[in-house]
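Q: If you scroll down you'll find the structure; I have some questions about it.
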Amino acid sequence: METRRDERIGQLLQALKRSDKLHLKEAATLLGVSEMTIRRDLNNNDAPVVLLGGYIVLEPRSANHYLISDQKSRLVDEKRRAAQLAASLVQAHQTLFFDCGTTTPWIIEAIDNELPFTAICYSLNTFLVLQEKPQCRVILCGGEFHASNAIFKPLDFQETLNNLCPDIAFYSAAGVHIEKGATCFNLEELPVKHWAMSMAQHHVLVVDHSKFGKVRPARMGEVKRFDTIISDSRPDDDFVEYAKAQRIKLMY
């Protein structure tokens, strides 16, 4: 027997046949329920639609290790607090690089809508939030689409990326370890992350507290490569001492 949740998801699927995305507020109005109800509906892993950066889209085909849809509802308040600190670094008319991941959209959301800036991104969920910023000029790096983390892996860096020098690069990571460095799950993310680390003027790593001490398969680089590390709470004493010795600014 079809439940009310099934009925709502069916209506969302029908709406997505007419558009590639649907804003959460629009979906709530369409279904006559609260945004929280829709969030609960989509929290289940079996839902054929997912919430990415405030938009409802079709569930990307899953990959082996990491699905962005699996991470979107974890530690939301913690990610948001770290993101608000990161957004405070942004100044008018800067060129900013935004990494993929589920923390990054919260940084963008926290940026003042009246602030003019240029944004470089390579992930779908990040792009969907950036396009809502009225004073933002968005550069989306195209390429091969990877559904598990909703990124576009560029086929030719010379075409776009190597002509850009961001003022600030905001990075996400799935692990931050003093010895092993900053790491993520997916190897296909590394080319763009490494490009940003070679071209940006200021490097900012934004992670929630659960990432400290973790090591994931794909290595972004040494922790000392980052100028600023932002989290929702204070890291442990060893990490604080390490950051002080490496002259890394900690914000929490």
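For the structure tokens, the naming scheme is as follows: chains receive sequential letters (A, B, ...) according to their order of presentation, residues are indexed from 1 within each chain, and ligands are indexed from 1 in presentation order.
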Running DSSP on the backbone, which parts of region 107-159 of chain A land in strand (DSSP E or B), as an mmCIF file with C-alpha atoms, in the first residue's frame?

A:
data_model
loop_
_atom_site.group_PDB
_atom_site.id
_atom_site.type_symbol
_atom_site.label_atom_id
_atom_site.label_comp_id
_atom_site.auth_asym_id
_atom_site.auth_seq_id
_atom_site.Cartn_x
_atom_site.Cartn_y
_atom_site.Cartn_z
ATOM 1 C CA PHE A 117 32.079 38.202 -6.256
ATOM 2 C CA THR A 118 33.224 35.694 -8.871
ATOM 3 C CA ALA A 119 32.923 32.003 -8.024
ATOM 4 C CA ILE A 120 34.723 29.032 -9.554
ATOM 5 C CA CYS A 121 33.188 25.611 -8.903
ATOM 6 C CA SER A 123 30.280 20.410 -8.462
ATOM 7 C CA CYS A 136 27.724 36.364 -8.173
ATOM 8 C CA ARG A 137 29.403 35.619 -11.494
ATOM 9 C CA VAL A 138 29.665 31.823 -11.653
ATOM 10 C CA ILE A 139 32.282 29.838 -13.576
ATOM 11 C CA LEU A 140 31.364 26.137 -13.657
ATOM 12 C CA GLU A 144 33.158 14.243 -17.146
ATOM 13 C CA PHE A 145 30.334 13.982 -14.612
ATOM 14 C CA HIS A 146 30.831 11.743 -11.561
ATOM 15 C CA ILE A 151 31.408 16.753 -9.649
ATOM 16 C CA PHE A 152 32.561 17.574 -13.153
ATOM 17 C CA LYS A 153 36.144 16.421 -13.710
#

Q: If we count only C-alpha atoms and set the cut-off at 10 Å, which residues sit around region 185-198 of chain A, ignoring sequence neighbours fewer than 6 positions away in its own chain? Please answer as a PyMOL selection string.

A: chain A and resi 64-67+97-100+120-123+141+144+146+148-149+151-154+157+161-162+164-166+168-175+204+215-221+225-226

Q: Go ahead and write the selection's residues with C-alpha atoms as a compact mmCIF listing (two decimals), in the first residue's frame.

A:
# COMPACT_ATOMS: atom_id res chain seq x y z
CA ASN A 64 31.24 2.54 -4.29
CA HIS A 65 32.57 4.70 -1.45
CA TYR A 66 30.85 7.97 -0.92
CA LEU A 67 27.56 9.42 -1.98
CA PHE A 97 37.11 28.78 -5.53
CA PHE A 98 34.53 26.51 -3.91
CA ASP A 99 35.32 22.83 -3.47
CA CYS A 100 32.75 20.04 -3.68
CA ILE A 120 34.72 29.03 -9.55
CA CYS A 121 33.19 25.61 -8.90
CA TYR A 122 33.13 22.10 -10.32
CA SER A 123 30.28 20.41 -8.46
CA CYS A 141 34.21 23.92 -14.83
CA GLU A 144 33.16 14.24 -17.15
CA HIS A 146 30.83 11.74 -11.56
CA SER A 148 28.67 9.81 -6.54
CA ASN A 149 30.00 13.22 -5.51
CA ILE A 151 31.41 16.75 -9.65
CA PHE A 152 32.56 17.57 -13.15
CA LYS A 153 36.14 16.42 -13.71
CA PRO A 154 37.72 18.78 -16.29
CA PHE A 157 42.79 22.27 -17.59
CA LEU A 161 41.31 26.57 -14.92
CA ASN A 162 44.90 27.47 -15.73
CA LEU A 164 42.29 31.65 -13.24
CA CYS A 165 43.93 32.73 -9.96
CA PRO A 166 41.43 32.74 -7.07
CA ILE A 168 40.61 32.49 -1.75
CA ALA A 169 40.09 28.76 -2.20
CA PHE A 170 37.63 27.09 0.18
CA TYR A 171 38.33 23.36 0.50
CA SER A 172 36.42 20.48 2.03
CA ALA A 173 37.97 17.23 3.26
CA ALA A 174 36.81 13.92 4.70
CA GLY A 175 39.90 13.55 6.87
CA VAL A 204 41.06 27.81 3.64
CA VAL A 215 42.48 9.40 7.00
CA ARG A 216 40.73 8.72 3.68
CA PRO A 217 42.08 7.14 0.46
CA ALA A 218 42.77 10.24 -1.66
CA ARG A 219 45.42 12.66 -0.38
CA MET A 220 44.94 16.36 -1.08
CA GLY A 221 48.19 17.51 0.55
CA ARG A 225 49.55 23.81 2.87
CA PHE A 226 46.50 25.57 4.30

Q: Counting only C-alpha atoms, what is within 12 Å of Glu35 (chain A), bar same-chain residues fewer than 4 positions away, as a list in words?

A: His23, Leu24, Lys25, Glu26, Ala27, Ala28, Thr29, Leu30, Leu31, Arg39, Arg40, Asp41, Leu42, Leu51, Gly54, Tyr55 and Ile56 of chain A

Q: Using only C-alpha atoms, which of the listed residues (A:Gln135, A:Thr126, A:Thr183, A:Thr228) sits closest to Gln94 (chain A)?

A: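 Using only C-alpha atoms, the shortest distance to Gln94 (chain A) belongs to A:Gln135.
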
Q: For Ser231 (chain A), please output as a ChimeraX atom specification all residues within 7 Å (counting only C-alpha atoms; exclusion window: fewer than 5 positions along the same chain).

A: /A:82,206-209,251-252

Q: Arg247 (chain A): which residues within 10 Å, counting only C-alpha atoms, same-chain residues fewer than 3 positions away excluded, as a PyMOL selection string?

A: chain A and resi 224+226-228+241-244+250

Q: Could you please take those selected residues and save C-alpha atoms as a compact mmCIF listing (two decimals), in the first residue's frame?

A:
# COMPACT_ATOMS: atom_id res chain seq x y z
CA LYS A 224 50.61 22.93 6.43
CA PHE A 226 46.50 25.57 4.30
CA ASP A 227 46.69 29.14 5.60
CA THR A 228 43.48 28.86 7.62
CA GLU A 241 50.09 23.02 18.82
CA TYR A 242 50.84 21.79 15.32
CA ALA A 243 48.85 24.64 13.76
CA LYS A 244 50.67 27.17 15.94
CA LEU A 250 42.59 28.29 13.42

Q: Please report the interatomic distance between CA of Val176 (chain A) and CA of Phe212 (chain A) in Å with one decimal.

A: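 According to the coordinates, CA of Val176 (chain A) and CA of Phe212 (chain A) are separated by 4.7 Å.
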
Q: I'd like to know which residues of region 95-202 of chain A are helix (DSSP H, G or I) (by DSSP, run on the backbone); could you write them as a ChimeraX atom specification?

A: /A:104-110,124-130,161-163,187-199

Q: Which of these residues is nearest to Lys211 (chain A), using only C-alpha atoms: A:Leu16, A:Ala182, A:Val223, A:Leu155?

A: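 Smallest distance to Lys211 (chain A) is found for A:Ala182.
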